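Asks: For reference, the file model-v5.cif (mmCIF, C-alpha atoms and all ligand atoms) is included below:
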data_run
loop_
_atom_site.label_atom_id
_atom_site.label_comp_id
_atom_site.auth_asym_id
_atom_site.auth_seq_id
_atom_site.Cartn_x
_atom_site.Cartn_y
_atom_site.Cartn_z
CA MET A 1 144.76 101.77 157.37
CA ALA A 2 142.30 103.06 159.96
CA VAL A 3 138.82 103.53 158.51
CA LEU A 4 138.80 107.30 159.09
CA ASP A 5 142.33 108.13 157.94
CA HIS A 6 142.41 110.63 155.10
CA ILE A 7 142.43 108.98 151.69
CA SER A 8 142.97 110.34 148.22
CA SER A 9 140.38 110.31 145.45
CA GLN A 10 142.28 107.53 143.71
CA GLU A 11 142.30 105.39 146.86
CA ALA A 12 138.60 105.96 147.56
CA MET A 13 137.59 105.04 144.01
CA ALA A 14 139.83 101.98 144.07
CA LEU A 15 138.14 100.78 147.27
CA GLU A 16 134.66 101.15 145.78
CA ASN A 17 135.74 99.42 142.62
CA LYS A 18 137.28 96.51 144.47
CA TYR A 19 134.84 95.97 147.34
CA GLY A 20 131.57 97.38 146.03
CA ALA A 21 129.15 95.84 143.59
CA GLN A 22 129.43 97.72 140.32
CA ASN A 23 125.79 98.76 140.09
CA TYR A 24 126.58 102.42 139.33
CA HIS A 25 128.89 104.29 137.00
CA PRO A 26 129.80 107.37 139.07
CA LEU A 27 131.47 110.45 137.71
CA PRO A 28 135.05 110.26 138.97
CA VAL A 29 134.94 112.71 141.86
CA VAL A 30 135.15 111.81 145.55
CA LEU A 31 133.19 114.07 147.87
CA THR A 32 133.80 114.55 151.54
CA LYS A 33 131.84 117.62 152.57
CA GLY A 34 128.70 119.53 151.58
CA GLU A 35 127.19 122.85 152.57
CA GLY A 36 124.23 124.51 150.88
CA VAL A 37 124.76 124.41 147.11
CA PHE A 38 128.42 123.35 147.41
CA VAL A 39 130.35 120.11 147.84
CA TRP A 40 134.08 119.58 148.32
CA ASP A 41 136.22 116.66 147.17
CA VAL A 42 138.87 114.98 149.31
CA GLU A 43 141.58 117.14 147.72
CA GLY A 44 139.70 120.27 148.80
CA LYS A 45 138.32 121.35 145.42
CA LYS A 46 134.92 123.03 145.65
CA TYR A 47 132.02 122.35 143.27
CA TYR A 48 128.46 123.44 142.69
CA ASP A 49 126.23 120.38 143.14
CA PHE A 50 123.98 120.48 140.09
CA LEU A 51 122.36 117.10 140.68
CA SER A 52 121.34 117.30 144.37
CA ALA A 53 121.34 113.51 144.69
CA TYR A 54 118.64 113.31 142.02
CA SER A 55 116.58 116.08 143.65
CA SER A 56 116.92 114.88 147.23
CA LEU A 57 118.84 117.91 148.45
CA ASN A 58 116.31 120.60 147.58
CA GLN A 59 117.03 122.23 150.96
CA GLY A 60 120.80 122.18 150.29
CA HIS A 61 123.56 120.08 151.82
CA CYS A 62 123.62 119.75 155.60
CA HIS A 63 120.91 122.31 156.24
CA PRO A 64 121.59 123.33 159.87
CA LYS A 65 117.95 123.24 160.91
CA ILE A 66 117.45 119.71 159.58
CA VAL A 67 120.83 118.52 160.90
CA ASN A 68 119.93 119.81 164.37
CA ALA A 69 116.54 118.14 164.30
CA MET A 70 118.23 114.90 163.33
CA ALA A 71 121.02 115.15 165.92
CA GLU A 72 118.63 116.01 168.75
CA GLN A 73 116.29 113.18 167.89
CA ALA A 74 119.19 110.76 167.45
CA GLN A 75 120.25 111.44 171.03
CA ARG A 76 116.76 110.88 172.43
CA LEU A 77 115.08 108.01 170.54
CA THR A 78 115.95 106.51 167.15
CA LEU A 79 113.71 103.53 166.56
CA THR A 80 110.79 101.84 168.25
CA SER A 81 109.42 99.94 165.26
CA ARG A 82 105.67 100.22 164.83
CA ALA A 83 105.17 97.57 167.48
CA PHE A 84 104.88 100.54 169.85
CA TYR A 85 103.76 104.13 169.49
CA ASN A 86 106.35 106.86 169.66
CA ASP A 87 105.90 110.54 170.40
CA MET A 88 107.15 111.77 166.98
CA LEU A 89 105.27 109.81 164.33
CA GLY A 90 101.80 111.20 165.03
CA ARG A 91 103.12 114.74 165.07
CA TYR A 92 104.83 114.18 161.75
CA GLU A 93 101.74 112.57 160.24
CA LYS A 94 99.58 115.49 161.32
CA TYR A 95 102.07 118.04 160.02
CA ALA A 96 102.67 116.32 156.67
CA THR A 97 99.03 115.49 155.91
CA GLN A 98 97.98 119.07 156.63
CA TYR A 99 100.89 120.31 154.54
CA PHE A 100 99.88 118.24 151.52
CA LYS A 101 96.14 118.24 152.27
CA PHE A 102 95.39 114.54 152.60
CA ASP A 103 93.57 112.69 155.39
CA LYS A 104 96.27 110.11 156.01
CA MET A 105 99.80 109.05 155.19
CA LEU A 106 101.74 105.79 155.27
CA PRO A 107 105.42 106.28 156.07
CA MET A 108 108.17 104.27 154.37
CA ASN A 109 111.89 104.78 153.68
CA SER A 110 112.94 104.65 150.03
CA GLY A 111 111.06 105.95 147.03
CA ALA A 112 110.73 102.47 145.56
CA GLU A 113 109.12 101.24 148.78
CA ALA A 114 106.63 104.08 148.63
CA VAL A 115 105.78 103.21 145.01
CA GLU A 116 105.32 99.57 146.05
CA THR A 117 103.06 100.78 148.84
CA ALA A 118 100.99 102.81 146.38
CA ILE A 119 100.64 99.76 144.12
CA LYS A 120 99.49 97.57 147.01
CA LEU A 121 97.09 100.26 148.21
CA CYS A 122 95.66 100.67 144.73
CA ARG A 123 95.13 96.93 144.25
CA LYS A 124 93.49 96.47 147.62
CA TRP A 125 91.20 99.43 146.92
CA ALA A 126 90.36 97.86 143.56
CA TYR A 127 89.14 94.62 145.15
CA GLU A 128 87.52 96.00 148.27
CA VAL A 129 86.03 99.29 147.07
CA LYS A 130 85.83 99.29 143.29
CA GLY A 131 84.84 95.62 143.15
CA ILE A 132 87.32 94.27 140.59
CA ASP A 133 87.50 90.45 140.48
CA ILE A 134 90.24 89.03 142.65
CA ASN A 135 93.75 89.12 141.11
CA LYS A 136 92.50 90.86 137.96
CA ALA A 137 93.46 94.46 138.78
CA GLN A 138 95.55 96.32 136.22
CA ILE A 139 97.54 99.47 136.76
CA VAL A 140 98.26 101.69 133.77
CA VAL A 141 101.82 103.03 133.64
CA CYS A 142 103.74 105.11 131.11
CA LYS A 143 106.49 104.12 128.74
CA ASN A 144 109.95 105.27 129.78
CA ASN A 145 108.82 105.53 133.40
CA PHE A 146 111.18 105.40 136.32
CA HIS A 147 109.63 104.37 139.63
CA GLY A 148 112.48 102.52 141.33
CA ARG A 149 114.29 99.20 141.36
CA THR A 150 112.19 96.48 143.02
CA THR A 151 111.29 93.36 141.05
CA THR A 152 107.70 94.52 140.63
CA ILE A 153 108.66 98.03 139.59
CA ILE A 154 111.21 96.91 137.01
CA SER A 155 108.55 94.52 135.69
CA PHE A 156 106.80 97.53 134.16
CA SER A 157 109.92 99.41 133.13
CA ASN A 158 110.92 99.34 129.47
CA ASP A 159 114.59 100.04 130.15
CA PRO A 160 116.41 96.87 129.07
CA VAL A 161 119.36 97.63 131.36
CA ALA A 162 117.08 97.79 134.41
CA ARG A 163 115.04 94.71 133.41
CA LYS A 164 117.15 92.16 131.62
CA ASN A 165 117.68 88.83 133.44
CA PHE A 166 115.67 89.88 136.48
CA GLY A 167 112.53 87.94 135.51
CA PRO A 168 110.06 86.38 136.03
CA TYR A 169 108.21 89.67 136.09
CA THR A 170 105.13 90.79 138.00
CA ASP A 171 101.86 90.92 136.01
CA GLY A 172 99.14 93.49 136.18
CA PHE A 173 100.52 96.52 134.37
CA ILE A 174 99.55 98.08 131.05
CA LYS A 175 101.88 100.54 129.33
CA VAL A 176 100.74 103.60 127.43
CA GLU A 177 102.74 106.42 125.85
CA TYR A 178 103.52 109.28 128.20
CA ASP A 179 101.67 112.49 127.34
CA ASN A 180 99.20 110.60 125.15
CA LEU A 181 95.61 111.05 126.34
CA LYS A 182 94.10 109.07 123.51
CA GLN A 183 96.03 105.92 124.42
CA LEU A 184 95.11 106.40 128.05
CA GLU A 185 91.42 106.75 127.25
CA ASP A 186 91.53 103.77 124.87
CA VAL A 187 92.83 101.58 127.67
CA LEU A 188 90.52 102.99 130.33
CA SER A 189 87.47 102.56 128.12
CA SER A 190 88.27 99.09 126.80
CA GLU A 191 89.77 97.42 129.88
CA GLU A 192 87.34 96.68 132.68
CA ASN A 193 89.84 95.94 135.39
CA VAL A 194 91.89 99.09 135.57
CA ALA A 195 92.48 100.14 139.16
CA GLY A 196 94.99 102.96 138.81
CA PHE A 197 97.09 105.18 136.61
CA LEU A 198 100.65 105.62 137.92
CA VAL A 199 102.45 108.62 136.44
CA GLU A 200 105.36 110.98 136.97
CA PRO A 201 104.19 114.59 136.53
CA ILE A 202 107.50 115.16 134.71
CA GLN A 203 109.51 112.12 133.64
CA GLY A 204 112.79 112.80 135.43
CA GLU A 205 115.06 109.84 134.76
CA ALA A 206 113.79 109.53 131.21
CA GLY A 207 115.40 112.93 130.55
CA VAL A 208 113.13 115.57 132.13
CA TYR A 209 110.18 115.19 129.76
CA VAL A 210 107.60 117.85 130.54
CA PRO A 211 104.15 116.78 129.29
CA SER A 212 101.77 119.08 127.44
CA GLU A 213 100.15 121.83 129.46
CA ASN A 214 96.81 120.08 129.89
CA TYR A 215 97.98 116.47 130.15
CA LEU A 216 97.85 115.81 133.89
CA LYS A 217 94.57 117.61 134.37
CA ALA A 218 92.93 115.75 131.49
CA ALA A 219 94.40 112.41 132.61
CA LYS A 220 93.00 113.01 136.09
CA ALA A 221 89.59 113.76 134.58
CA LEU A 222 89.75 110.48 132.63
CA CYS A 223 90.63 108.64 135.82
CA GLU A 224 87.59 110.15 137.52
CA LYS A 225 85.37 109.22 134.58
CA TYR A 226 86.45 105.57 134.75
CA ASN A 227 86.76 105.33 138.55
CA VAL A 228 90.51 104.75 138.43
CA LEU A 229 92.97 106.06 141.03
CA PHE A 230 95.33 108.76 139.81
CA ILE A 231 98.67 107.95 141.46
CA ALA A 232 101.28 110.72 141.18
CA ASP A 233 104.87 109.64 141.71
CA GLU A 234 106.35 112.93 142.89
CA VAL A 235 109.45 111.36 144.42
CA GLN A 236 111.61 113.52 142.12
CA THR A 237 109.26 116.34 141.12
CA GLY A 238 107.77 117.06 144.55
CA ILE A 239 108.78 119.28 147.47
CA ALA A 240 109.22 122.55 145.52
CA ARG A 241 111.57 121.20 142.84
CA THR A 242 109.48 122.35 139.88
CA GLY A 243 108.56 125.77 141.29
CA ARG A 244 105.45 124.43 143.00
CA LEU A 245 105.09 122.45 146.19
CA LEU A 246 104.14 119.55 143.91
CA ALA A 247 104.44 119.39 140.14
CA SER A 248 100.76 118.30 140.20
CA CYS A 249 99.91 121.78 141.47
CA GLY A 250 100.54 122.91 137.89
CA ASN A 251 99.51 126.50 137.37
CA CYS A 252 97.65 126.89 140.62
CA SER A 253 98.07 130.55 141.51
CA CYS A 254 97.94 130.10 145.26
CA PRO A 255 100.61 131.74 147.35
CA LYS A 256 102.75 128.67 147.61
CA LYS A 257 103.82 129.57 151.10
CA ASP A 258 100.49 128.44 152.54
CA CYS A 259 99.12 126.63 149.54
CA SER A 260 95.52 127.77 149.86
CA GLY A 261 94.49 127.59 146.20
CA THR A 262 93.24 124.78 144.01
CA PRO A 263 95.92 122.60 142.46
CA ASP A 264 95.62 121.74 138.78
CA VAL A 265 95.52 118.11 139.80
CA LYS A 266 94.82 116.61 143.18
CA PRO A 267 96.17 113.04 143.01
CA ASP A 268 94.16 110.30 144.69
CA VAL A 269 97.43 108.80 145.83
CA LEU A 270 100.59 110.87 146.23
CA VAL A 271 104.05 109.28 146.42
CA LEU A 272 106.89 111.27 148.01
CA GLY A 273 110.52 110.53 148.85
CA LYS A 274 113.92 112.06 148.13
CA ALA A 275 113.67 115.71 149.35
CA LEU A 276 111.10 114.77 151.99
CA SER A 277 114.15 114.46 154.25
CA GLY A 278 116.27 117.15 152.63
CA GLY A 279 118.74 114.42 151.75
CA LEU A 280 119.63 113.49 155.32
CA TYR A 281 117.91 110.18 155.66
CA PRO A 282 115.75 107.82 153.61
CA VAL A 283 112.20 109.07 154.19
CA SER A 284 109.31 108.34 151.86
CA ALA A 285 105.55 108.39 152.17
CA VAL A 286 102.26 107.66 150.47
CA MET A 287 99.37 110.03 151.04
CA ALA A 288 95.69 109.44 150.36
CA ASN A 289 92.30 110.26 151.80
CA ASN A 290 90.40 107.95 154.15
CA ASP A 291 88.19 106.38 151.48
CA ILE A 292 91.35 104.90 149.97
CA MET A 293 93.84 104.62 152.82
CA ASN A 294 91.40 102.88 155.15
CA VAL A 295 91.60 99.67 153.12
CA ILE A 296 94.98 99.14 154.82
CA GLN A 297 94.49 97.32 158.10
CA PRO A 298 96.92 96.08 160.79
CA GLY A 299 99.31 93.50 159.39
CA ASN A 300 98.63 94.27 155.73
CA HIS A 301 101.81 96.24 155.15
CA GLY A 302 104.72 97.71 157.02
CA SER A 303 108.38 98.48 157.46
CA THR A 304 110.60 98.21 160.52
CA PHE A 305 112.13 101.64 159.95
CA GLY A 306 109.14 103.30 158.25
CA GLY A 307 107.96 106.25 160.33
CA ASN A 308 110.80 106.03 162.83
CA PRO A 309 111.36 108.99 165.17
CA ILE A 310 114.47 110.27 163.37
CA ALA A 311 112.65 110.18 160.03
CA ALA A 312 109.72 112.04 161.59
CA ALA A 313 111.90 114.75 163.11
CA VAL A 314 113.94 115.13 159.94
CA ALA A 315 110.92 115.30 157.62
CA ILE A 316 109.12 117.92 159.72
CA ALA A 317 112.23 120.10 159.68
CA ALA A 318 112.80 119.51 155.96
CA LEU A 319 109.23 120.51 155.11
CA GLU A 320 109.42 123.58 157.36
CA VAL A 321 112.54 124.74 155.52
CA VAL A 322 110.71 124.52 152.19
CA LYS A 323 108.10 127.00 153.40
CA ASP A 324 110.30 129.19 155.60
CA GLU A 325 112.81 129.75 152.82
CA GLU A 326 110.19 129.94 150.05
CA LEU A 327 111.98 127.33 148.01
CA ALA A 328 109.13 126.81 145.53
CA GLU A 329 109.14 130.52 144.71
CA ASN A 330 112.92 130.51 144.38
CA ALA A 331 112.89 127.43 142.13
CA GLU A 332 110.27 129.04 139.91
CA TYR A 333 112.20 132.30 139.62
CA LEU A 334 115.65 130.78 139.12
CA GLY A 335 114.33 128.13 136.74
CA LYS A 336 112.96 130.76 134.37
CA LEU A 337 116.22 132.67 134.55
CA PHE A 338 118.24 129.51 133.94
CA ARG A 339 116.31 128.49 130.83
CA ALA A 340 116.32 132.06 129.48
CA GLU A 341 120.10 132.34 129.91
CA LEU A 342 120.76 128.94 128.37
CA ASN A 343 118.42 129.66 125.49
CA LYS A 344 120.49 132.74 124.65
CA TYR A 345 123.49 130.44 124.35
CA ILE A 346 121.66 127.68 122.49
CA LYS A 347 120.64 130.07 119.68
CA THR A 348 124.18 130.01 118.39
CA SER A 349 125.16 126.51 119.59
CA ASN A 350 125.79 123.41 117.51
CA ILE A 351 126.40 121.13 120.48
CA VAL A 352 123.20 121.80 122.48
CA LYS A 353 119.82 121.30 120.86
CA LEU A 354 117.53 122.56 123.60
CA VAL A 355 116.91 123.12 127.28
CA ARG A 356 113.66 122.00 128.91
CA GLY A 357 112.22 121.72 132.37
CA LYS A 358 110.22 123.37 135.08
CA GLY A 359 111.47 125.22 138.10
CA LEU A 360 114.93 123.87 138.86
CA LEU A 361 114.38 120.48 137.25
CA ASN A 362 115.93 120.97 133.82
CA ALA A 363 117.88 119.16 131.16
CA ILE A 364 119.82 120.00 128.05
CA VAL A 365 119.77 117.75 125.02
CA ILE A 366 123.13 117.32 123.35
CA ASN A 367 123.28 117.26 119.59
CA ASP A 368 124.67 113.72 119.33
CA ASP A 369 123.49 110.09 119.34
CA GLU A 370 121.79 108.50 122.37
CA ASP A 371 124.75 106.15 122.76
CA SER A 372 127.50 108.72 122.24
CA ASP A 373 129.74 109.71 125.12
CA THR A 374 129.56 113.46 124.46
CA ALA A 375 127.27 114.16 127.44
CA TRP A 376 129.59 112.16 129.70
CA ASN A 377 132.62 114.07 128.42
CA ILE A 378 130.83 117.36 128.96
CA CYS A 379 130.09 116.30 132.55
CA LEU A 380 133.78 115.52 133.08
CA LYS A 381 134.68 119.00 131.84
CA LEU A 382 131.95 120.58 133.97
CA ARG A 383 133.54 118.83 136.93
CA ASP A 384 136.96 120.23 136.02
CA ASN A 385 135.33 123.65 135.84
CA GLY A 386 133.69 123.26 139.27
CA LEU A 387 130.15 122.01 138.63
CA LEU A 388 128.80 118.47 139.09
CA ALA A 389 126.07 117.07 136.86
CA LYS A 390 125.32 113.68 135.35
CA PRO A 391 123.89 112.48 132.02
CA THR A 392 120.51 110.72 132.25
CA HIS A 393 120.95 109.15 128.84
CA GLY A 394 123.84 109.31 126.42
CA ASN A 395 122.80 112.69 125.12
CA ILE A 396 120.84 114.34 127.96
CA ILE A 397 122.30 116.14 130.97
CA ARG A 398 120.03 116.82 133.92
CA PHE A 399 120.48 120.04 135.90
CA ALA A 400 118.89 119.98 139.34
CA PRO A 401 120.76 122.18 141.83
CA PRO A 402 119.66 122.66 145.44
CA LEU A 403 116.77 125.14 145.64
CA VAL A 404 118.58 127.28 148.20
CA MET A 405 120.70 128.76 145.42
CA THR A 406 120.98 132.54 145.03
CA GLU A 407 120.58 134.40 141.75
CA GLU A 408 124.27 135.32 141.78
CA GLN A 409 125.26 131.67 142.23
CA LEU A 410 122.92 130.58 139.48
CA LEU A 411 124.42 133.07 137.05
CA ASP A 412 127.88 131.87 138.05
CA CYS A 413 126.75 128.32 137.20
CA VAL A 414 125.34 129.44 133.86
CA SER A 415 128.72 130.90 132.97
CA ILE A 416 130.50 127.68 134.00
CA ILE A 417 128.07 125.67 131.88
CA THR A 418 128.29 127.89 128.79
CA LYS A 419 132.07 128.20 129.07
CA THR A 420 132.28 124.40 129.21
CA LEU A 421 129.90 123.88 126.30
CA LYS A 422 131.99 126.25 124.19
CA GLU A 423 134.89 123.82 124.46
CA PHE A 424 132.72 121.25 122.64
CA GLU A 425 131.41 123.42 119.83
CA SER A 426 132.65 122.36 116.44
C1 LIG B 501 114.26 108.21 142.56
C2 LIG B 501 112.87 107.85 142.17
C3 LIG B 501 112.22 106.72 142.70
C4 LIG B 501 112.92 105.71 143.57
O1 LIG B 501 113.39 106.24 144.76
P1 LIG B 501 114.50 105.42 145.59
O2 LIG B 501 114.61 106.19 146.88
O3 LIG B 501 115.76 105.46 144.78
O4 LIG B 501 113.99 104.04 145.78
C5 LIG B 501 110.90 106.52 142.36
N1 LIG B 501 110.25 107.35 141.54
C6 LIG B 501 110.85 108.43 141.00
C7 LIG B 501 110.06 109.32 140.10
C8 LIG B 501 112.18 108.71 141.29
O5 LIG B 501 112.77 109.77 140.72
#
Could you spell out this file's structure in structure tokens?

Replies:
Amino acid sequence: MAVLDHISSQEAMALENKYGAQNYHPLPVVLTKGEGVFVWDVEGKKYYDFLSAYSSLNQGHCHPKIVNAMAEQAQRLTLTSRAFYNDMLGRYEKYATQYFKFDKMLPMNSGAEAVETAIKLCRKWAYEVKGIDINKAQIVVCKNNFHGRTTTIISFSNDPVARKNFGPYTDGFIKVEYDNLKQLEDVLSSEENVAGFLVEPIQGEAGVYVPSENYLKAAKALCEKYNVLFIADEVQTGIARTGRLLASCGNCSCPKKDCSGTPDVKPDVLVLGKALSGGLYPVSAVMANNDIMNVIQPGNHGSTFGGNPIAAAVAIAALEVVKDEELAENAEYLGKLFRAELNKYIKTSNIVKLVRGKGLLNAIVINDDEDSDTAWNICLKLRDNGLLAKPTHGNIIRFAPPLVMTEEQLLDCVSIITKTLKEFES
């Protein structure tokens, strides 16, 4: 069989099952093509993508502007490594830092690498600027966090599936409850060696937990009080997903198009990934101002592919699309509509307890046990009815469509979802 011969869904799944490590449990559907909010399987059936590769495809599948930027750059120069300068990286760094209003950025590839970078940056800042004793720095993290899959990152996860039998674990992390300011202040006031507070503005993988209105702002104020870096992991929540350029922007009333207002929270360290490339390429970054970023000196940190010319070209185009197409505004508008429509349904539903979220990062909670397979079965039915979504836990289904969706498409999706849920009502 030639590698590019057409294969059926059954054949494609059998290949993955036989030759691939079984580190995922995919929904049984085999995709071959994507465009905007739609994907097609190898048998030609069309679906709404309601996951967007975990919020990587905010700009939609195969956005022509980003694809062109990538193709043009791929024909000119793909990789120099950072051993040499290239003519794209500086342009990208200028564009992205002005876009997010930081002095400097450090480019990486995956989200986990960017989180690792933020941890290293925070520790080095702790020793060289804050003056914490060597190897004593602690970073406060939240329970039920998801920050990626490296050995250090899973060291401070409390998900047994992600952690078990991967020890020994990395020290230097203190866990507090998410959305609990008292616990945060207790740790910050009693522990001398805290260097940073690493937090997701909305806990995505945990099941789209939106914290209380004032939480991020108050947590940032505590960090300032105790001279601790506020590190926002916006890998999933960033780049317009929650109806703001960043979820940290909160209720800032600025016209999001040019982002001239004051965000609710300005992180000291910002971690981005996923939609930074519009889903074309692994592109991640850490942003900070000079007083923090300048602790990183030549040789301290790096990545062969980090900041490569294709990544730079792709990320500039992906960020331009977010502004040109007003994706934050669209996510805000459609998100409200989505939750309002679902809430109408939930009023009379036994199977769905609630819908929660911000912008187009939402989840429904199924009225069943955490370890039931109801959410999975609902996702299978959604697939049959032309919409792809995935449970985050046994009883939570995340809904995160591309932000380029129209109102008509969104309402079509709402009717697919409610029609499907009806089949599960008892
Ligand atoms: C997806 C995700 C990561 C990890 O990104 P990868 O590209 O999968 O390494 C980190 N933090 C958050 C909040 C994420 O959602």

Asks: Could you pull the residues within 6 Å of region 266-276 of chain A, counting all atoms listed in the file, minus those fewer than 2 positions along the same chain, as an MDAnalysis selection string?

Replies: chainID A and resid 56:58 111 229:235 278:279 283:288 315

Asks: Any residue with an atom at most 8 Å from ligand LIG 501 (chain B) counts, using all atoms listed in the file. Which are they? Put them as a PyMOL selection string.

Replies: chain A and resi 54-55+109-115+145-149+200+203-205+233-237+273-274+282+284

Asks: Let me know the centre plus edge lengths, in Å and rounded to one decimal, of a box with edges along x, y and z that contains all listed atoms of region 335-351 of chain A and is padded by 4 Å on every side, as AutoDock Vina command-line options.

Replies:
--center_x 119.7 --center_y 126.9 --center_z 127.1 --size_x 21.4 --size_y 19.6 --size_z 27.2

Asks: Point out the residue among A:Val208, A:Val199, A:Leu280, A:Ile239 with the least atom-to-atom distance to Val314 (chain A), counting only C-alpha atoms.

Replies: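 The answer is A:Leu280, which sits nearest to Val314 (chain A).
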
Asks: Mind listing as a list in words all residues within 12 Å of (122.7, 106.0, 126.4), counting all atoms listed in the file?

Replies: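 Output: Asp159, Pro160, Val161, Glu205, Ala206, Gly207, Ile366, Asp368, Asp369, Glu370, Asp371, Ser372, Asp373, Thr374, Ala375, Trp376, Pro391, Thr392, His393, Gly394, Asn395, Ile396 and Ile397 of chain A.
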
Asks: If you count only C-alpha atoms, which residues fall within 12 Å of Arg163 (chain A), apart from same-chain ones fewer than 4 positions away, as a PyMOL selection string?

Replies: chain A and resi 146+148-159+167-170

Asks: With the cut-off set at 12 Å and counting only C-alpha atoms, tabulate each residue of region 247-296 of chain A with an atom at most that distance from an atom of region 349-363 of chain A, showing the nearest atom pair and its distance in Å to one decimal, ordered by chain and increasing number, as a tab-separated table.

Replies:
residue	atom	partner	partner_atom	distance
A:Ala247	CA	A:Lys358	CA	8.7
A:Ser248	CA	A:Lys358	CA	11.9
A:Gly250	CA	A:Lys358	CA	10.1
A:Asn251	CA	A:Lys358	CA	11.4

Asks: Neighbouring residues of Ile316 (chain A) were defined as those with any atom within 12 Å, considering only C-alpha atoms; residues of the same chain fewer than 5 positions away were excluded. Please report them as an MDAnalysis selection string.

Replies: chainID A and resid 65:70 73 88:99 275:278 283 307 309:311 321:323

Asks: Go ahead and compute the interatomic distance for CA of Arg244 (chain A) and CA of Ile119 (chain A), in Å to one decimal.

Replies: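 Here the two named atoms are 25.2 Å from each other.
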
Asks: Could you give me, as CSV, every region 155-243 of chain A residue with an atom at most 10 Å from region 137-140 of chain A, plus its closest atom pair and distance in Å to one decimal, counting all atoms listed in the file, rows ordered by chain then number?

Replies:
residue,atom,partner,partner_atom,distance
A:Phe156,CA,A:Val140,CA,9.5
A:Asp171,CA,A:Gln138,CA,8.3
A:Gly172,CA,A:Gln138,CA,4.6
A:Phe173,CA,A:Ile139,CA,4.8
A:Ile174,CA,A:Val140,CA,4.7
A:Lys175,CA,A:Val140,CA,5.8
A:Val176,CA,A:Val140,CA,7.1
A:Leu184,CA,A:Val140,CA,8.1
A:Val187,CA,A:Val140,CA,8.2
A:Leu188,CA,A:Val140,CA,8.6
A:Glu191,CA,A:Gln138,CA,8.6
A:Glu192,CA,A:Ala137,CA,8.9
A:Asn193,CA,A:Ala137,CA,5.2
A:Val194,CA,A:Gln138,CA,4.6
A:Ala195,CA,A:Ile139,CA,5.6
A:Gly196,CA,A:Ile139,CA,4.8
A:Phe197,CA,A:Val140,CA,4.6
A:Leu198,CA,A:Val140,CA,6.2
A:Val199,CA,A:Val140,CA,8.5
A:Val228,CA,A:Ile139,CA,8.9
A:Leu229,CA,A:Ile139,CA,9.1
A:Phe230,CA,A:Val140,CA,9.7
A:Ile231,CA,A:Ile139,CA,9.8

Asks: Convert the current residue selection to file output with C-alpha atoms, as a compact mmCIF listing (two decimals), keeping the file's coordinate frame.

Replies:
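Result saved to selection.txt:
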# COMPACT_ATOMS: atom_id res chain seq x y z
CA PHE A 156 106.80 97.53 134.16
CA ASP A 171 101.86 90.92 136.01
CA GLY A 172 99.14 93.49 136.18
CA PHE A 173 100.52 96.52 134.37
CA ILE A 174 99.55 98.08 131.05
CA LYS A 175 101.88 100.54 129.33
CA VAL A 176 100.74 103.60 127.43
CA LEU A 184 95.11 106.40 128.05
CA VAL A 187 92.83 101.58 127.67
CA LEU A 188 90.52 102.99 130.33
CA GLU A 191 89.77 97.42 129.88
CA GLU A 192 87.34 96.68 132.68
CA ASN A 193 89.84 95.94 135.39
CA VAL A 194 91.89 99.09 135.57
CA ALA A 195 92.48 100.14 139.16
CA GLY A 196 94.99 102.96 138.81
CA PHE A 197 97.09 105.18 136.61
CA LEU A 198 100.65 105.62 137.92
CA VAL A 199 102.45 108.62 136.44
CA VAL A 228 90.51 104.75 138.43
CA LEU A 229 92.97 106.06 141.03
CA PHE A 230 95.33 108.76 139.81
CA ILE A 231 98.67 107.95 141.46

Asks: Which is closest to Val295 (chain A) among A:His63, A:Ala118, A:Arg76, A:Leu216, if we use all atoms listed in the file?

Replies: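 Closest residue, counting all atoms listed in the file: A:Ala118.
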
Asks: When distances are computed from only C-alpha atoms, which of A:Glu329, A:Leu245, A:Tyr178, A:Ala12 shows the smallest separation from Ser260 (chain A)?

Replies: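 For Ser260 (chain A), the nearest of the given residues is A:Leu245.
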
Asks: Using all atoms listed in the file, which residue out of A:Ala21, A:Cys142, A:Leu79, A:Leu388 lies closest to Pro402 (chain A)?

Replies: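 Nearest candidate to Pro402 (chain A) out of A:Ala21, A:Cys142, A:Leu79, A:Leu388: A:Leu388.
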